[in-house]
Amino acid sequence: MAVPVEEAIAALSTFSLEDDQPEAQGSAVLVSTEGGAMNSPIEYSDVSAYRLSLTEDTKALNQLNTLIQEGSEMTSVLYTYRSCVKALPQLPDSMKQSQPELYLETYQVLDLEMSRLREIQRWQASAASKLAADMQRFSRPERRINGPTITHLWSMLKLLDVLVQLDHLKNAKASIPNDFSWYKRTFTQVSVQWQDIDSMREELDDLQIFLSTRWAILLNLHVEMFRVNNVEDILQALIVFAVESLELDFALLFPDRHILLRVLPILVVLATSSDKDSESLYKRVKINRLLNIFKNDPVIPAFPDLHLSPAAILKELSLYFQHFSSQTRLLTLPAPHELPPREAQEYQRQYLIVNHIGAIRAEHDDFTIRFASCMNQLVLLKSTDGADIEWCKEVKGNMYDVVVEGFQMLSRWTARVWEQCAWKFSRPCKDAVPTDSQESSPSSSDYEKVVRSNYSSEERKALVELVSYIKSIGSMMQRCETMVADALWETIHSEVQDFVQNRLATMLKTTFRKKKDLSRILSDMRTLSADWMANTTKPESEMQSLQPGGEESQGNYFYPRPVAPTAAQVHCLQFLIYEVVSGGNLRKPGGLFGNSGSEIPASDLKQLETFFYKLSFFLNILDFTATLAALSDLGFLWFREFYLESSRVIQFPIECSLPWMLVDHVLESQKPGLIESVLMPFDIYNDAAQKALVVLKQRFLYDEIEAEVDHCFDIFVSKFCDIVFTYYKSWAASELLDPSFLFALDNGEKYSVPSMRFTALLRMTRVKLLGRTIDLRTLVAEWMNKVFRENIEFLFDRFESQDLCSIVELEKLIDILRHAHQFLSKDLLIDSFDLMLNETQENLSLVSYSSRLASQIWTEMQNDFLPNFILCNTTQRFVRSSKLPIAPVQKPSVPYAKPNFYCGTQDLNSAYQSFARLHSGFFGIPHMFSIVRLLGSRSLPWLIRALLDHISNKIIVLEPMVRGLQEALPKSVGLLPFDGGVTACTRLVKDNLNWSLKSELKAEVLRGVKEIGSILYWMGLLDIVLREVDTTHFMQTAPWLGLIPGSDGQIMHSQDNGDSPIVTLFKLTTNAIVSDPRCPSPASFYTISKQAEAADLLYKANMNTGNVLEYALAFTSAALDKYCSNWSAAPKTGFIDITTSKDFYRIYSGLQIGYLEESVQVPSSNHEELGDSVAWGGCTIMYLLGQQLHFELFDFSYQILNVAEVEAASTTQTHKNPHYLQGWEFLLEAMKKARRLNNHVFSMLKARCPLEDKIACAIKQSGAPLHRIKFENTVSAFETLPQKGV
């Protein structure tokens, strides 16, 4: 079924073709350009229709314009000329017989290049002859007009400028004579067998003279011009016009001003080099005016990397023009390198942009505001029907004024860039001074001295700002072209019609009423440009209402129409105004609009002058796009053809390229107000590529630009992404920094991160570069995905090279990285952080319960933590033993990374390292929290299982060792007697425990028991942390699940047999949405409701979590039951075996008293090696074996303590020597500490894992033992452990 057209259009109108990409770059460079109003597309052929005796002048004007176009192409050829000799191959000695063929091929290659030089030679001769003939035409008596028109004057000046540029290039290019010498040599070799080569030799000699003679083109022009007399008048007229245009700022575009500056010294030399009175020039133009112009602009831009100096030109030409050598005042002007230091400083302040950037910045801001205001008024006008005519005229007139002001402003700014570059080229840095991002090199090229080492940091910043202003204003005006085009054309039409219909009518009635010749000229002006049709379109009633004062008091009223004058009309109008003012008299004193000797009143002369200058602006305004492109073209900042030749290199490194220098400066400086302009210097490459293809027409230049752009953009993306990553990383680290730490510092502001405006750049999806569109946002996102993965990989590598205590630092660094990812995700579409973290941990599979971090933690615990860390029960911390480990742990070296892989900046790194050092010397509760948060519920069970398996394995290893100690025990070990005292008891214990040959076995058993105790205590810390985490999780989920505390502390449901609040909420929402008939897909909402029910069941099932420590104790008990049955043997008599028992409690009792005695003999030796974990391991094994009471009754140290107490009591009663225990105080104190620790462990075990339900071993009042009733249990963690009450 076809959709109606109206509906289709309405649907299309809802689509927006605009995106939210910010304007961080200049306007796109067009691939091709078209001729506009500035270059008449019909070559002024319509001039003859106006019958103004301008046919001959127009014909000459078209001829000059053709020569200018051809000369510009010749200039491009000469500027881009590169030596061919450097590319010629050198024949080895073995190929000398092929030398004739090499000469022939060399000749053929060079002949192509020399043909271009011959073409330039012929063209310059023809151009000089035609220009001289055109000037001489105005000296003939039969001339049709008195003097050249303004357009004609400009054409003469432009052609003269082309000839001067060609001459300057020919003088500067040293490769041309070098190639010609090779060409002549090869010609001599290959022409031996040729016939009739005299004409070729003669042509070759002429070309040699042309190339070897300095200023040959200018000398030839001088000869051609002065073949006849009376050309001084036209030269003086050109000088007067140039001087007035420079003084009155008549040229709208800066290239026109530079043309005047370049040709003025040449004109002065030519005008004063004739045999006539050379002083006649100074009667019309005072020499002080010339001196002021030359002094104000001592350096004139000529080419991108070449400049001209009026003083240097005048001094050099004085050697070729004898008459001019007498002009001492002009010849005493100093060249740029001859300026005194004080004057050089003055010129420095004039030329350097950094000295004017404040005013430029204010000018930019003011213009942007006014341009936006005018655009808003224009948009409002177009949206208003039946707007007032005067208001329309005012709004469009304001728009025209702002556009003209914008063009003038862009012209001034771009001219400043040109002139600063020319000044820098004229005054190179004496020694290449290394900048912050530049290393000093042993030998610096000339180009490096004028560019890389010649711009300070502030100058680069100012240049970047100005480039950004030029491109942003140009882009803003270019975007509004279609909006303002009609307004500009209507305003121009209104200006022209107001002048010719109203002002000229008034002049005809007053000033020129009796002057028939002038009246005829004014009438001709009205005839050729008046739009009388504009008056007929207004209703007569409106015209009468607009003329309350009658016809005499009001001028003609007309509708403005977007009908602008043609180039020919502007040309004719300027000619007629010039005829009215001066009569075309070349010798008229006072200049173009001087009032001396004129009968025209000053007011009318001012009106004519104002309109005359407006006419010059009209053509540039009409050709809006071409004018804007010319004014915002900064491609000259890249070209360096002259210095490539003088430096004898193929190309300079990108560090010497000014566009890249600006980009790199923005990246290195990282100034918040400058970072958004980082893409603007890339527009220089766009402009340079456009000029290389369209103007210079050299593919090799474009290839060089493209290669540099590709390389620079890759470096830019890398550096920019690195800066963005560092900024967001620093921002995240600063946000997560402890506020109390900042509050305690006096200089806490150094840890704050200044705001950087990256958002606009991160939204750039269409970066225009050499005709291509690059998605910068995607490139940055890809780089960020890569660097986040590399950062996570680095953090894990760093953790793997440290001990387990660095887990807190790892968590903090991962939190910072996660926080930075959250910040960056607001501006970029990058991969999920959890996904990248799981990728690095190799934990993506649904059946993968391990992870890289869990494996590393287990490896670290197995190899370093359990053997080398000791427990301090008082502080609940593990600390590294001061004893050297038996087997040194081999770890990889700490990987190196940039500061942004840590916390961003050096200051933040230092702050977080200070925090990390607080947790680097121990392992405790903070570290356990980090492990729980990092591993999560997925990998933590795997680690617990690995630790429990380690307990099981360690028990298996200990079983034969303990059996060896049991075998070494005497057959009977009785209770210690009280009558011998502590000394006798201690000696008796030593005699009974004859383990001297089992020292290594004892040490291994103690280390094994210590590792078991460390794991169990580690499980206890884990249980504490998990309970706190589960409690927090419960408090967050309980309100949604409808769980409330009961009166007896039990958990109750708020809804009896009803749905939980979360299920109720989703059900009600689903019913409300589905009941609406406009609901698009009810099934999806029912699915969401079912998912809420599933979540409710899932969270309720996870409410009753297990106890890790109880699980570990049950697991250990099962392992003991399975592997260590001989550790707890049933007595044969049925009664407690006191003397012959070899149960584990007896072994541990002997081990304990042994290491206690050693710790007293060598202070802190054994304790620093074993710590309190031995007590936890030994007491837990005895507790699980049901031997706690046996140990407390029959432990050797406990018995000695009892003997010591009895002996102390009897000593006190009999008043014996109180120092009877001297020598045993330290041992007794160690035993007391051990007893207190053992009691603490037993009490903790009873509290956490009571054995009443298991009917632990006990002793009846009759003394008969009640054996343990074993419950079913296995070592496997995948089988359910027994529940209480089952």
# chains A, B, ... in the order shown; residues from 1 in each chain; ligands from 1
call {"tool": "closest_atom_pairs", "arguments": {"of": "segment 88-204 of chain A", "to": "segment 248-257 of chain A", "cutoff": "10 Å", "atoms": "only C-alpha atoms", "output": "JSON lines"}}
result
{"residue": "A:Trp154", "atom": "CA", "partner": "A:Asp256", "partner_atom": "CA", "distance": 8.8}
{"residue": "A:Leu157", "atom": "CA", "partner": "A:Asp256", "partner_atom": "CA", "distance": 9.5}
{"residue": "A:Lys158", "atom": "CA", "partner": "A:Asp256", "partner_atom": "CA", "distance": 8.5}
call {"tool": "write_last_selection", "arguments": {"atoms": "N, CA and C atoms", "output": "PDB file, in the first residue's frame"}}
result
ATOM      1  N   TRP A 154      45.311  47.528 -10.554  1.00  0.00           N
ATOM      2  CA  TRP A 154      45.533  46.325  -9.766  1.00  0.00           C
ATOM      3  C   TRP A 154      46.119  45.210 -10.627  1.00  0.00           C
ATOM      4  N   LEU A 157      49.789  45.850 -11.121  1.00  0.00           N
ATOM      5  CA  LEU A 157      50.554  45.573  -9.903  1.00  0.00           C
ATOM      6  C   LEU A 157      50.684  44.070  -9.661  1.00  0.00           C
ATOM      7  N   LYS A 158      49.610  43.332  -9.897  1.00  0.00           N
ATOM      8  CA  LYS A 158      49.666  41.887  -9.684  1.00  0.00           C
ATOM      9  C   LYS A 158      50.628  41.212 -10.658  1.00  0.00           C
TER      10      LYS A 158
END
call {"tool": "atom_distance", "arguments": {"atom1": "atom CA of Leu61 of chain A", "atom2": "atom CA of His152 of chain A"}}
result
5.9 Å
call {"tool": "select_by_dssp", "arguments": {"residues": "segment 807-991 of chain A", "states": "helix (DSSP H, G or I)", "output": "ChimeraX atom specification"}}
result
/A:807-825,833-840,852-868,899-901,906-918,925-968,981-991
call {"tool": "atom_distance", "arguments": {"atom1": "atom CA of Arg82 of chain A", "atom2": "atom CA of Pro310 of chain A"}}
result
27.2 Å
call {"tool": "residues_around", "arguments": {"residues": "segment 211-215 of chain A", "least_positions_apart": "3", "cutoff": "6 Å", "atoms": "only C-alpha atoms", "output": "number ranges by chain"}}
result
A: 167, 171, 208, 218
call {"tool": "write_last_selection", "arguments": {"atoms": "N, CA, C and O atoms", "output": "PDB file, in the first residue's frame"}}
result
ATOM      1  N   ASP A 167      61.517  36.309 -10.320  1.00  0.00           N
ATOM      2  CA  ASP A 167      62.915  36.721 -10.263  1.00  0.00           C
ATOM      3  C   ASP A 167      63.537  36.342  -8.922  1.00  0.00           C
ATOM      4  O   ASP A 167      64.682  35.869  -8.851  1.00  0.00           O
ATOM      5  N   ASN A 171      66.571  33.617  -8.268  1.00  0.00           N
ATOM      6  CA  ASN A 171      67.799  33.958  -7.561  1.00  0.00           C
ATOM      7  C   ASN A 171      68.051  33.039  -6.360  1.00  0.00           C
ATOM      8  O   ASN A 171      69.196  32.760  -6.011  1.00  0.00           O
ATOM      9  N   GLN A 208      71.299  29.865 -20.157  1.00  0.00           N
ATOM     10  CA  GLN A 208      72.346  29.966 -19.155  1.00  0.00           C
ATOM     11  C   GLN A 208      72.501  31.409 -18.682  1.00  0.00           C
ATOM     12  O   GLN A 208      72.648  31.663 -17.487  1.00  0.00           O
ATOM     13  N   LEU A 218      63.700  41.452 -13.976  1.00  0.00           N
ATOM     14  CA  LEU A 218      63.474  42.872 -13.714  1.00  0.00           C
ATOM     15  C   LEU A 218      64.294  43.738 -14.670  1.00  0.00           C
ATOM     16  O   LEU A 218      63.809  44.784 -15.157  1.00  0.00           O
TER      17      LEU A 218
END
call {"tool": "closest_residue", "arguments": {"among": "A:Asn994, A:Asn873, A:Thr80, A:Ser881", "to": "Ala968 of chain A", "atoms": "only C-alpha atoms"}}
result
A:Asn994
call {"tool": "closest_atom_pairs", "arguments": {"of": "segment 969-1084 of chain A", "to": "segment 1175-1187 of chain A", "cutoff": "6 Å", "atoms": "only C-alpha atoms", "output": "tab-separated table"}}
result
residue	atom	partner	partner_atom	distance
A:Val1009	CA	A:Gly1177	CA	5.1
A:Lys1010	CA	A:Gly1177	CA	5.8
A:Ile1012	CA	A:Gly1177	CA	5.2
A:Gly1013	CA	A:Gly1177	CA	3.5
call {"tool": "closest_atom_pairs", "arguments": {"of": "segment 932-1042 of chain A", "to": "segment 831-841 of chain A", "cutoff": "12 Å", "atoms": "only C-alpha atoms", "output": "Markdown table"}}
result
| residue | atom | partner | partner_atom | distance |
| --- | --- | --- | --- | --- |
| A:Leu934 | CA | A:Leu837 | CA | 10.2 |
| A:Leu935 | CA | A:Gln841 | CA | 10.1 |
| A:Gly936 | CA | A:Asn838 | CA | 11.7 |
| A:Arg938 | CA | A:Asn838 | CA | 11.4 |
| A:Ser939 | CA | A:Gln841 | CA | 10.5 |
call {"tool": "residues_around", "arguments": {"residues": "segment 727-738 of chain A", "least_positions_apart": "5", "cutoff": "7 Å", "atoms": "only C-alpha atoms", "output": "ChimeraX atom specification"}}
result
/A:751-753,816-817,819-820,823-824,900,903-905
call {"tool": "closest_residue", "arguments": {"among": "A:Ala422, A:Leu918, A:Leu804, A:Ala125", "to": "Val450 of chain A", "atoms": "only C-alpha atoms"}}
result
A:Ala422
call {"tool": "select_by_dssp", "arguments": {"residues": "segment 912-1128 of chain A", "states": "strand (DSSP E or B)", "output": "list of chain:residue names"}}
result
A:Phe922, A:Phe923, A:Leu1043, A:Ile1044, A:Pro1045, A:Ile1051, A:Met1052, A:His1053
call {"tool": "write_last_selection", "arguments": {"atoms": "C-alpha atoms", "output": "PDB file, in the first residue's frame"}}
result
ATOM      1  CA  PHE A 922      51.141  -7.383  57.828  1.00  0.00           C
ATOM      2  CA  PHE A 923      48.097  -9.394  56.788  1.00  0.00           C
ATOM      3  CA  LEU A1043      11.917  -9.637  55.887  1.00  0.00           C
ATOM      4  CA  ILE A1044      11.663  -8.089  59.381  1.00  0.00           C
ATOM      5  CA  PRO A1045      13.227  -9.046  62.752  1.00  0.00           C
ATOM      6  CA  ILE A1051      13.696 -13.389  60.818  1.00  0.00           C
ATOM      7  CA  MET A1052      10.012 -13.066  59.977  1.00  0.00           C
ATOM      8  CA  HIS A1053       8.087 -12.330  56.775  1.00  0.00           C
TER       9      HIS A1053
END
call {"tool": "residues_around", "arguments": {"residues": "Leu779 of chain A", "least_positions_apart": "3", "cutoff": "12 Å", "atoms": "only C-alpha atoms", "output": "ChimeraX atom specification"}}
result
/A:713-714,716-718,720-721,761-767,774-776,782-786,828-830
call {"tool": "residues_around", "arguments": {"residues": "Ala564 of chain A", "least_positions_apart": "6", "cutoff": "8 Å", "atoms": "only C-alpha atoms", "output": "CSV table (one decimal) with N, CA and C atoms, in the first residue's frame"}}
result
chain,number,residue,atom,x,y,z
A,489,TRP,N,23.4,40.0,-0.7
A,489,TRP,CA,23.1,40.5,-2.0
A,489,TRP,C,22.0,41.6,-2.0
A,490,GLU,N,21.0,41.5,-1.1
A,490,GLU,CA,20.0,42.6,-1.1
A,490,GLU,C,20.7,43.9,-0.5
A,492,ILE,N,23.8,44.8,-0.8
A,492,ILE,CA,24.6,45.4,-1.9
A,492,ILE,C,23.8,46.0,-2.9
A,493,HIS,N,22.7,45.4,-3.3
A,493,HIS,CA,21.7,46.0,-4.2
A,493,HIS,C,21.2,47.3,-3.7
A,622,LEU,N,30.5,39.2,-2.5
A,622,LEU,CA,29.7,38.4,-3.4
A,622,LEU,C,30.3,37.0,-3.5
call {"tool": "closest_residue", "arguments": {"among": "A:Tyr79, A:Glu7, A:Asn1239, A:Lys719", "to": "Ala172 of chain A", "atoms": "only C-alpha atoms"}}
result
A:Tyr79
call {"tool": "residues_around", "arguments": {"residues": "Ala629 of chain A", "least_positions_apart": "4", "cutoff": "8 Å", "atoms": "only C-alpha atoms", "output": "ChimeraX atom specification"}}
result
/A:474,625,633
call {"tool": "write_last_selection", "arguments": {"atoms": "N, CA, C and O atoms", "output": "PDB file, in the first residue's frame"}}
result
ATOM      1  N   GLY A 474      36.009  31.282  10.615  1.00  0.00           N
ATOM      2  CA  GLY A 474      35.765  30.887   9.235  1.00  0.00           C
ATOM      3  C   GLY A 474      34.706  29.814   9.131  1.00  0.00           C
ATOM      4  O   GLY A 474      33.830  29.853   8.254  1.00  0.00           O
ATOM      5  N   THR A 625      32.375  32.379  -0.507  1.00  0.00           N
ATOM      6  CA  THR A 625      33.124  31.156  -0.196  1.00  0.00           C
ATOM      7  C   THR A 625      34.601  31.296  -0.538  1.00  0.00           C
ATOM      8  O   THR A 625      35.479  30.927   0.255  1.00  0.00           O
ATOM      9  N   ASP A 633      42.992  30.476   4.936  1.00  0.00           N
ATOM     10  CA  ASP A 633      43.971  29.506   4.440  1.00  0.00           C
ATOM     11  C   ASP A 633      45.285  29.675   5.191  1.00  0.00           C
ATOM     12  O   ASP A 633      45.934  30.715   5.112  1.00  0.00           O
TER      13      ASP A 633
END
